[in-house]
Amino acid sequence: MTVSSADLLTPADLPNHVWQPILPPPDGTLLAARQLVRVVGSNASNQSLVLKGIDLDIHRGEFVSIVGASGSGKSTLLYLLGGLDRADHGEIFIHGDALSRMSDATLTAVRNKALGFVFQFHFLLPEFTAMENVLLPMLKLGKRSRREASARARELLDRVGLASKCQRLTTDLSGGEQQRVAIARALANDPDIVLADEPTGNLDKTNSQNVAQLFEEIAAAGDRTILMVTHDPHMAERAHRVITLDDGRIVDDLRHARPTP
């Protein structure tokens, strides 16, 4: 059903929010959100405001968890920050560049180069081996020769403890092993930011702890940022910073002491 713009929810439906001009973040900010609003629903009768004016700055080397009740807007925020969805109002900046001003081709290139994604359900290609799943993003980006990309894939699979299983089809791996392949794939193009949506949602306690430890090690190196949505309080507490969402707004932003690399 097509509706007119007059029927749609807008930022004006947030009467208590003071809207300011959208300015770029301070120099050196890796990822920033300004006044993000996201409306879901196809018509006036079923629309709702999922995000209600989110402002957020993320810096290099941070391990950040985003928590909140179901429906609070966690995954919606992550998808917007990763350029997988478009905001209805506001702006997202990566390295100071506004995503809304990018063409689809430019945005795709930014995602391939600067961002790595880890999802709850892996989204690995079942007909490919672990090695081929990690290799594919590098071949698609085209910055490495096949020999260089293969060496990088082996290095990453070794890093996540799967060097001995790199030639196995992903369907022959356990759930925890598949998630580690997904993390290796997310790191393949040396992204500045790894965005993870419920990365331990389908894992047992041991594998969840292994993923948390791996994320800590990645962030501890200081050159890569982890931004993770999770419902697991133990997983969230492993992060340097815990951002809590409630009803589409940030209600808490707690920073923990960071371990020494």
# chains A, B, ... in the order shown; residues from 1 in each chain; ligands from 1
>>> residues_around(residues="Asp204 (chain A)", least_positions_apart="6", cutoff="12 Å", atoms="only C-alpha atoms", output="PyMOL selection string")
chain A and resi 174-177+179+210-211+232
>>> residues_around(residues="Gln120 (chain A)", least_positions_apart="5", cutoff="9 Å", atoms="only C-alpha atoms", output="list in words")
Gln179, Ala196, Asp197, Glu198, Pro199, Thr200, Gly201 and Asn202 of chain A
>>> write_last_selection(atoms="C-alpha atoms", output="PDB file, in the first residue's frame")
ATOM      1  CA  GLN A 179      30.715 -18.536  14.124  1.00  0.00           C
ATOM      2  CA  ALA A 196      28.218  -8.077  15.492  1.00  0.00           C
ATOM      3  CA  ASP A 197      24.496  -8.737  15.926  1.00  0.00           C
ATOM      4  CA  GLU A 198      23.853 -11.297  18.704  1.00  0.00           C
ATOM      5  CA  PRO A 199      27.026 -13.213  17.767  1.00  0.00           C
ATOM      6  CA  THR A 200      26.580 -15.744  20.590  1.00  0.00           C
ATOM      7  CA  GLY A 201      22.802 -16.085  20.342  1.00  0.00           C
ATOM      8  CA  ASN A 202      23.002 -19.690  19.091  1.00  0.00           C
TER       9      ASN A 202
END
>>> atom_distance(atom1="CA of Ser48 (chain A)", atom2="CA of Leu78 (chain A)")
18.0 Å
>>> residues_around(residues="region 94-109 of chain A", least_positions_apart="3", cutoff="9 Å", atoms="only C-alpha atoms", output="list of chain:residue names")
A:Pro24, A:Pro25, A:Pro26, A:Asp27, A:Gly28, A:Thr29, A:Leu30, A:Leu31, A:Ala32, A:Leu81, A:Gly83, A:Arg86, A:Ala87, A:Glu91, A:Asn112, A:Lys113, A:Ala114, A:Leu141
>>> residues_around(residues="Glu132 (chain A)", least_positions_apart="2", cutoff="12 Å", atoms="only C-alpha atoms", output="MDAnalysis selection string")
chainID A and resid 124:130 134:140 146 149:154 157 165:170 181:182 184:185 188
>>> residues_around(residues="Lys52 (chain A)", least_positions_apart="6", cutoff="7 Å", atoms="only C-alpha atoms", output="list of chain:residue names")
A:Leu36, A:Val37, A:Gly248, A:Arg249
>>> closest_residue(among="A:Leu214, A:Val40, A:Val110, A:Val194", to="Gly161 (chain A)", atoms="only C-alpha atoms")
A:Leu214
>>> select_by_dssp(residues="region 15-83 of chain A", states="alpha helix (DSSP H)", output="VMD selection string")
chain A and resid 74 to 81
>>> residues_around(residues="His256 (chain A)", least_positions_apart="3", cutoff="10 Å", atoms="only C-alpha atoms", output="VMD selection string")
chain A and resid 237 to 242 259
>>> closest_residue(among="A:Gly222, A:Gly53, A:Gly41, A:Gly116", to="Leu187 (chain A)", atoms="only C-alpha atoms")
A:Gly116
>>> select_by_dssp(residues="region 16-257 of chain A", states="strand (DSSP E)", output="count of residues only")
62
>>> atom_distance(atom1="CA of Leu245 (chain A)", atom2="CA of Ile58 (chain A)")
15.6 Å
>>> atom_distance(atom1="CA of Arg144 (chain A)", atom2="CA of Leu115 (chain A)")
17.2 Å
>>> closest_residue(among="A:Phe123, A:Phe117, A:Phe215, A:Phe93", to="Tyr79 (chain A)", atoms="only C-alpha atoms")
A:Phe117
>>> closest_atom_pairs(of="region 155-193 of chain A", to="region 59-76 of chain A", cutoff="12 Å", atoms="only C-alpha atoms", output="CSV")
residue,atom,partner,partner_atom,distance
A:Pro191,CA,A:Arg60,CA,11.2
A:Asp192,CA,A:Arg60,CA,7.6
A:Ile193,CA,A:Arg60,CA,8.1
>>> residues_around(residues="Asp55 (chain A)", least_positions_apart="5", cutoff="7 Å", atoms="only C-alpha atoms", output="PyMOL selection string")
chain A and resi 33-36
>>> write_last_selection(atoms="all heavy atoms", output="PDB file, in the first residue's frame")
ATOM      1  N   ALA A  33      26.825   8.876  15.140  1.00  0.00           N
ATOM      2  CA  ALA A  33      25.409   9.026  14.786  1.00  0.00           C
ATOM      3  C   ALA A  33      24.919  10.340  15.345  1.00  0.00           C
ATOM      4  O   ALA A  33      25.282  10.724  16.461  1.00  0.00           O
ATOM      5  CB  ALA A  33      24.585   7.873  15.366  1.00  0.00           C
ATOM      6  N   ARG A  34      24.100  11.007  14.559  1.00  0.00           N
ATOM      7  CA  ARG A  34      23.528  12.274  14.995  1.00  0.00           C
ATOM      8  C   ARG A  34      22.027  12.275  14.736  1.00  0.00           C
ATOM      9  O   ARG A  34      21.565  12.122  13.614  1.00  0.00           O
ATOM     10  CB  ARG A  34      24.187  13.453  14.247  1.00  0.00           C
ATOM     11  CG  ARG A  34      25.659  13.674  14.572  1.00  0.00           C
ATOM     12  CD  ARG A  34      25.843  14.151  16.010  1.00  0.00           C
ATOM     13  NE  ARG A  34      27.245  14.410  16.332  1.00  0.00           N
ATOM     14  CZ  ARG A  34      28.042  13.511  16.901  1.00  0.00           C
ATOM     15  NH1 ARG A  34      27.569  12.300  17.209  1.00  0.00           N
ATOM     16  NH2 ARG A  34      29.299  13.805  17.176  1.00  0.00           N
ATOM     17  N   GLN A  35      21.263  12.356  15.833  1.00  0.00           N
ATOM     18  CA  GLN A  35      19.807  12.533  15.784  1.00  0.00           C
ATOM     19  C   GLN A  35      19.103  11.443  14.971  1.00  0.00           C
ATOM     20  O   GLN A  35      18.133  11.706  14.258  1.00  0.00           O
ATOM     21  CB  GLN A  35      19.463  13.916  15.216  1.00  0.00           C
ATOM     22  CG  GLN A  35      20.049  15.065  16.015  1.00  0.00           C
ATOM     23  CD  GLN A  35      19.646  16.422  15.485  1.00  0.00           C
ATOM     24  OE1 GLN A  35      18.517  16.609  15.025  1.00  0.00           O
ATOM     25  NE2 GLN A  35      20.557  17.379  15.562  1.00  0.00           N
ATOM     26  N   LEU A  36      19.545  10.208  15.100  1.00  0.00           N
ATOM     27  CA  LEU A  36      18.978   9.132  14.284  1.00  0.00           C
ATOM     28  C   LEU A  36      17.540   8.835  14.682  1.00  0.00           C
ATOM     29  O   LEU A  36      17.237   8.583  15.850  1.00  0.00           O
ATOM     30  CB  LEU A  36      19.788   7.856  14.430  1.00  0.00           C
ATOM     31  CG  LEU A  36      21.147   7.774  13.752  1.00  0.00           C
ATOM     32  CD1 LEU A  36      21.675   6.348  13.838  1.00  0.00           C
ATOM     33  CD2 LEU A  36      21.074   8.223  12.307  1.00  0.00           C
TER      34      LEU A  36
END
>>> closest_residue(among="A:Leu162, A:Leu80, A:Val118, A:Leu254", to="Met228 (chain A)", atoms="only C-alpha atoms")
A:Val118
>>> closest_residue(among="A:Asn189, A:Phe121, A:Ile92, A:Asp172", to="Gly142 (chain A)", atoms="only C-alpha atoms")
A:Asn189
>>> decode(residues="region 37-86 of chain A", atoms="N, CA and C atoms", output="PDB file, in the first residue's frame")
ATOM      1  N   VAL A  37      16.674   8.847  13.684  1.00  0.00           N
ATOM      2  CA  VAL A  37      15.281   8.440  13.842  1.00  0.00           C
ATOM      3  C   VAL A  37      15.002   7.356  12.808  1.00  0.00           C
ATOM      4  N   ARG A  38      14.348   6.279  13.272  1.00  0.00           N
ATOM      5  CA  ARG A  38      13.946   5.222  12.332  1.00  0.00           C
ATOM      6  C   ARG A  38      12.497   4.866  12.582  1.00  0.00           C
ATOM      7  N   VAL A  39      11.715   4.941  11.518  1.00  0.00           N
ATOM      8  CA  VAL A  39      10.298   4.613  11.552  1.00  0.00           C
ATOM      9  C   VAL A  39      10.098   3.288  10.830  1.00  0.00           C
ATOM     10  N   VAL A  40       9.331   2.378  11.427  1.00  0.00           N
ATOM     11  CA  VAL A  40       8.989   1.130  10.749  1.00  0.00           C
ATOM     12  C   VAL A  40       7.486   1.048  10.589  1.00  0.00           C
ATOM     13  N   GLY A  41       7.071   0.311   9.564  1.00  0.00           N
ATOM     14  CA  GLY A  41       5.655   0.188   9.261  1.00  0.00           C
ATOM     15  C   GLY A  41       5.338   0.822   7.928  1.00  0.00           C
ATOM     16  N   SER A  42       4.387   0.245   7.227  1.00  0.00           N
ATOM     17  CA  SER A  42       4.104   0.659   5.855  1.00  0.00           C
ATOM     18  C   SER A  42       3.036   1.726   5.748  1.00  0.00           C
ATOM     19  N   ASN A  43       2.265   1.945   6.810  1.00  0.00           N
ATOM     20  CA  ASN A  43       1.216   2.969   6.740  1.00  0.00           C
ATOM     21  C   ASN A  43       0.952   3.532   8.126  1.00  0.00           C
ATOM     22  N   ALA A  44       0.112   4.561   8.181  1.00  0.00           N
ATOM     23  CA  ALA A  44      -0.106   5.287   9.419  1.00  0.00           C
ATOM     24  C   ALA A  44      -0.675   4.408  10.528  1.00  0.00           C
ATOM     25  N   SER A  45      -1.396   3.352  10.175  1.00  0.00           N
ATOM     26  CA  SER A  45      -2.044   2.519  11.190  1.00  0.00           C
ATOM     27  C   SER A  45      -1.084   1.569  11.893  1.00  0.00           C
ATOM     28  N   ASN A  46       0.062   1.232  11.250  1.00  0.00           N
ATOM     29  CA  ASN A  46       0.966   0.269  11.884  1.00  0.00           C
ATOM     30  C   ASN A  46       2.379   0.807  12.065  1.00  0.00           C
ATOM     31  N   GLN A  47       2.564   2.100  11.904  1.00  0.00           N
ATOM     32  CA  GLN A  47       3.901   2.664  12.053  1.00  0.00           C
ATOM     33  C   GLN A  47       4.280   2.852  13.516  1.00  0.00           C
ATOM     34  N   SER A  48       5.582   2.772  13.767  1.00  0.00           N
ATOM     35  CA  SER A  48       6.094   3.087  15.100  1.00  0.00           C
ATOM     36  C   SER A  48       7.496   3.655  14.959  1.00  0.00           C
ATOM     37  N   LEU A  49       7.872   4.459  15.931  1.00  0.00           N
ATOM     38  CA  LEU A  49       9.215   5.029  15.985  1.00  0.00           C
ATOM     39  C   LEU A  49      10.104   4.070  16.764  1.00  0.00           C
ATOM     40  N   VAL A  50      11.089   3.487  16.072  1.00  0.00           N
ATOM     41  CA  VAL A  50      11.973   2.522  16.707  1.00  0.00           C
ATOM     42  C   VAL A  50      13.171   3.218  17.343  1.00  0.00           C
ATOM     43  N   LEU A  51      13.735   4.200  16.662  1.00  0.00           N
ATOM     44  CA  LEU A  51      14.820   5.012  17.214  1.00  0.00           C
ATOM     45  C   LEU A  51      14.348   6.452  17.290  1.00  0.00           C
ATOM     46  N   LYS A  52      14.671   7.107  18.396  1.00  0.00           N
ATOM     47  CA  LYS A  52      14.081   8.415  18.684  1.00  0.00           C
ATOM     48  C   LYS A  52      15.154   9.455  18.982  1.00  0.00           C
ATOM     49  N   GLY A  53      16.005   9.703  17.990  1.00  0.00           N
ATOM     50  CA  GLY A  53      16.995  10.765  18.140  1.00  0.00           C
ATOM     51  C   GLY A  53      18.277  10.304  18.805  1.00  0.00           C
ATOM     52  N   ILE A  54      18.936   9.290  18.229  1.00  0.00           N
ATOM     53  CA  ILE A  54      20.160   8.721  18.808  1.00  0.00           C
ATOM     54  C   ILE A  54      21.372   9.561  18.436  1.00  0.00           C
ATOM     55  N   ASP A  55      22.162   9.933  19.447  1.00  0.00           N
ATOM     56  CA  ASP A  55      23.462  10.596  19.263  1.00  0.00           C
ATOM     57  C   ASP A  55      24.532   9.699  19.863  1.00  0.00           C
ATOM     58  N   LEU A  56      25.601   9.446  19.103  1.00  0.00           N
ATOM     59  CA  LEU A  56      26.584   8.464  19.551  1.00  0.00           C
ATOM     60  C   LEU A  56      27.913   8.691  18.847  1.00  0.00           C
ATOM     61  N   ASP A  57      29.009   8.597  19.608  1.00  0.00           N
ATOM     62  CA  ASP A  57      30.357   8.641  19.047  1.00  0.00           C
ATOM     63  C   ASP A  57      31.090   7.360  19.442  1.00  0.00           C
ATOM     64  N   ILE A  58      31.721   6.727  18.454  1.00  0.00           N
ATOM     65  CA  ILE A  58      32.504   5.511  18.677  1.00  0.00           C
ATOM     66  C   ILE A  58      33.928   5.778  18.210  1.00  0.00           C
ATOM     67  N   HIS A  59      34.911   5.325  19.008  1.00  0.00           N
ATOM     68  CA  HIS A  59      36.304   5.633  18.712  1.00  0.00           C
ATOM     69  C   HIS A  59      37.098   4.360  18.409  1.00  0.00           C
ATOM     70  N   ARG A  60      38.229   4.561  17.769  1.00  0.00           N
ATOM     71  CA  ARG A  60      39.081   3.440  17.370  1.00  0.00           C
ATOM     72  C   ARG A  60      39.542   2.657  18.601  1.00  0.00           C
ATOM     73  N   GLY A  61      39.497   1.328  18.479  1.00  0.00           N
ATOM     74  CA  GLY A  61      39.994   0.467  19.540  1.00  0.00           C
ATOM     75  C   GLY A  61      38.997   0.153  20.639  1.00  0.00           C
ATOM     76  N   GLU A  62      37.793   0.694  20.555  1.00  0.00           N
ATOM     77  CA  GLU A  62      36.789   0.406  21.578  1.00  0.00           C
ATOM     78  C   GLU A  62      36.116  -0.944  21.324  1.00  0.00           C
ATOM     79  N   PHE A  63      35.761  -1.615  22.406  1.00  0.00           N
ATOM     80  CA  PHE A  63      34.905  -2.798  22.362  1.00  0.00           C
ATOM     81  C   PHE A  63      33.606  -2.385  23.050  1.00  0.00           C
ATOM     82  N   VAL A  64      32.568  -2.178  22.252  1.00  0.00           N
ATOM     83  CA  VAL A  64      31.317  -1.591  22.726  1.00  0.00           C
ATOM     84  C   VAL A  64      30.202  -2.629  22.607  1.00  0.00           C
ATOM     85  N   SER A  65      29.429  -2.801  23.669  1.00  0.00           N
ATOM     86  CA  SER A  65      28.231  -3.630  23.590  1.00  0.00           C
ATOM     87  C   SER A  65      26.996  -2.737  23.681  1.00  0.00           C
ATOM     88  N   ILE A  66      25.978  -3.098  22.921  1.00  0.00           N
ATOM     89  CA  ILE A  66      24.692  -2.403  22.938  1.00  0.00           C
ATOM     90  C   ILE A  66      23.663  -3.372  23.491  1.00  0.00           C
ATOM     91  N   VAL A  67      23.022  -2.983  24.602  1.00  0.00           N
ATOM     92  CA  VAL A  67      22.089  -3.875  25.279  1.00  0.00           C
ATOM     93  C   VAL A  67      20.740  -3.178  25.438  1.00  0.00           C
ATOM     94  N   GLY A  68      19.748  -3.961  25.805  1.00  0.00           N
ATOM     95  CA  GLY A  68      18.403  -3.437  26.008  1.00  0.00           C
ATOM     96  C   GLY A  68      17.384  -4.528  25.785  1.00  0.00           C
ATOM     97  N   ALA A  69      16.169  -4.270  26.213  1.00  0.00           N
ATOM     98  CA  ALA A  69      15.094  -5.245  26.066  1.00  0.00           C
ATOM     99  C   ALA A  69      14.770  -5.464  24.600  1.00  0.00           C
ATOM    100  N   SER A  70      14.126  -6.576  24.313  1.00  0.00           N
ATOM    101  CA  SER A  70      13.657  -6.837  22.955  1.00  0.00           C
ATOM    102  C   SER A  70      12.762  -5.690  22.499  1.00  0.00           C
ATOM    103  N   GLY A  71      13.023  -5.188  21.280  1.00  0.00           N
ATOM    104  CA  GLY A  71      12.243  -4.083  20.747  1.00  0.00           C
ATOM    105  C   GLY A  71      12.758  -2.714  21.109  1.00  0.00           C
ATOM    106  N   SER A  72      13.893  -2.654  21.817  1.00  0.00           N
ATOM    107  CA  SER A  72      14.426  -1.355  22.228  1.00  0.00           C
ATOM    108  C   SER A  72      15.138  -0.623  21.100  1.00  0.00           C
ATOM    109  N   GLY A  73      15.428  -1.332  19.998  1.00  0.00           N
ATOM    110  CA  GLY A  73      16.070  -0.687  18.850  1.00  0.00           C
ATOM    111  C   GLY A  73      17.517  -1.058  18.644  1.00  0.00           C
ATOM    112  N   LYS A  74      18.024  -2.070  19.356  1.00  0.00           N
ATOM    113  CA  LYS A  74      19.443  -2.423  19.296  1.00  0.00           C
ATOM    114  C   LYS A  74      19.893  -2.791  17.888  1.00  0.00           C
ATOM    115  N   SER A  75      19.234  -3.781  17.317  1.00  0.00           N
ATOM    116  CA  SER A  75      19.645  -4.258  15.996  1.00  0.00           C
ATOM    117  C   SER A  75      19.374  -3.213  14.925  1.00  0.00           C
ATOM    118  N   THR A  76      18.291  -2.478  15.069  1.00  0.00           N
ATOM    119  CA  THR A  76      18.003  -1.396  14.119  1.00  0.00           C
ATOM    120  C   THR A  76      19.142  -0.391  14.106  1.00  0.00           C
ATOM    121  N   LEU A  77      19.621  -0.014  15.285  1.00  0.00           N
ATOM    122  CA  LEU A  77      20.737   0.930  15.380  1.00  0.00           C
ATOM    123  C   LEU A  77      21.986   0.352  14.727  1.00  0.00           C
ATOM    124  N   LEU A  78      22.278  -0.919  14.983  1.00  0.00           N
ATOM    125  CA  LEU A  78      23.477  -1.536  14.415  1.00  0.00           C
ATOM    126  C   LEU A  78      23.409  -1.543  12.889  1.00  0.00           C
ATOM    127  N   TYR A  79      22.248  -1.877  12.335  1.00  0.00           N
ATOM    128  CA  TYR A  79      22.095  -1.926  10.884  1.00  0.00           C
ATOM    129  C   TYR A  79      22.234  -0.540  10.266  1.00  0.00           C
ATOM    130  N   LEU A  80      21.754   0.474  10.945  1.00  0.00           N
ATOM    131  CA  LEU A  80      21.934   1.839  10.444  1.00  0.00           C
ATOM    132  C   LEU A  80      23.403   2.228  10.479  1.00  0.00           C
ATOM    133  N   LEU A  81      24.079   1.942  11.589  1.00  0.00           N
ATOM    134  CA  LEU A  81      25.490   2.297  11.714  1.00  0.00           C
ATOM    135  C   LEU A  81      26.340   1.580  10.675  1.00  0.00           C
ATOM    136  N   GLY A  82      25.911   0.392  10.267  1.00  0.00           N
ATOM    137  CA  GLY A  82      26.647  -0.366   9.264  1.00  0.00           C
ATOM    138  C   GLY A  82      26.242  -0.065   7.840  1.00  0.00           C
ATOM    139  N   GLY A  83      25.353   0.896   7.643  1.00  0.00           N
ATOM    140  CA  GLY A  83      24.943   1.259   6.285  1.00  0.00           C
ATOM    141  C   GLY A  83      24.081   0.217   5.614  1.00  0.00           C
ATOM    142  N   LEU A  84      23.492  -0.695   6.389  1.00  0.00           N
ATOM    143  CA  LEU A  84      22.608  -1.714   5.831  1.00  0.00           C
ATOM    144  C   LEU A  84      21.157  -1.248   5.782  1.00  0.00           C
ATOM    145  N   ASP A  85      20.880  -0.099   6.383  1.00  0.00           N
ATOM    146  CA  ASP A  85      19.546   0.481   6.391  1.00  0.00           C
ATOM    147  C   ASP A  85      19.723   1.994   6.377  1.00  0.00           C
ATOM    148  N   ARG A  86      18.672   2.703   6.034  1.00  0.00           N
ATOM    149  CA  ARG A  86      18.717   4.157   5.961  1.00  0.00           C
ATOM    150  C   ARG A  86      17.844   4.764   7.047  1.00  0.00           C
TER     151      ARG A  86
END
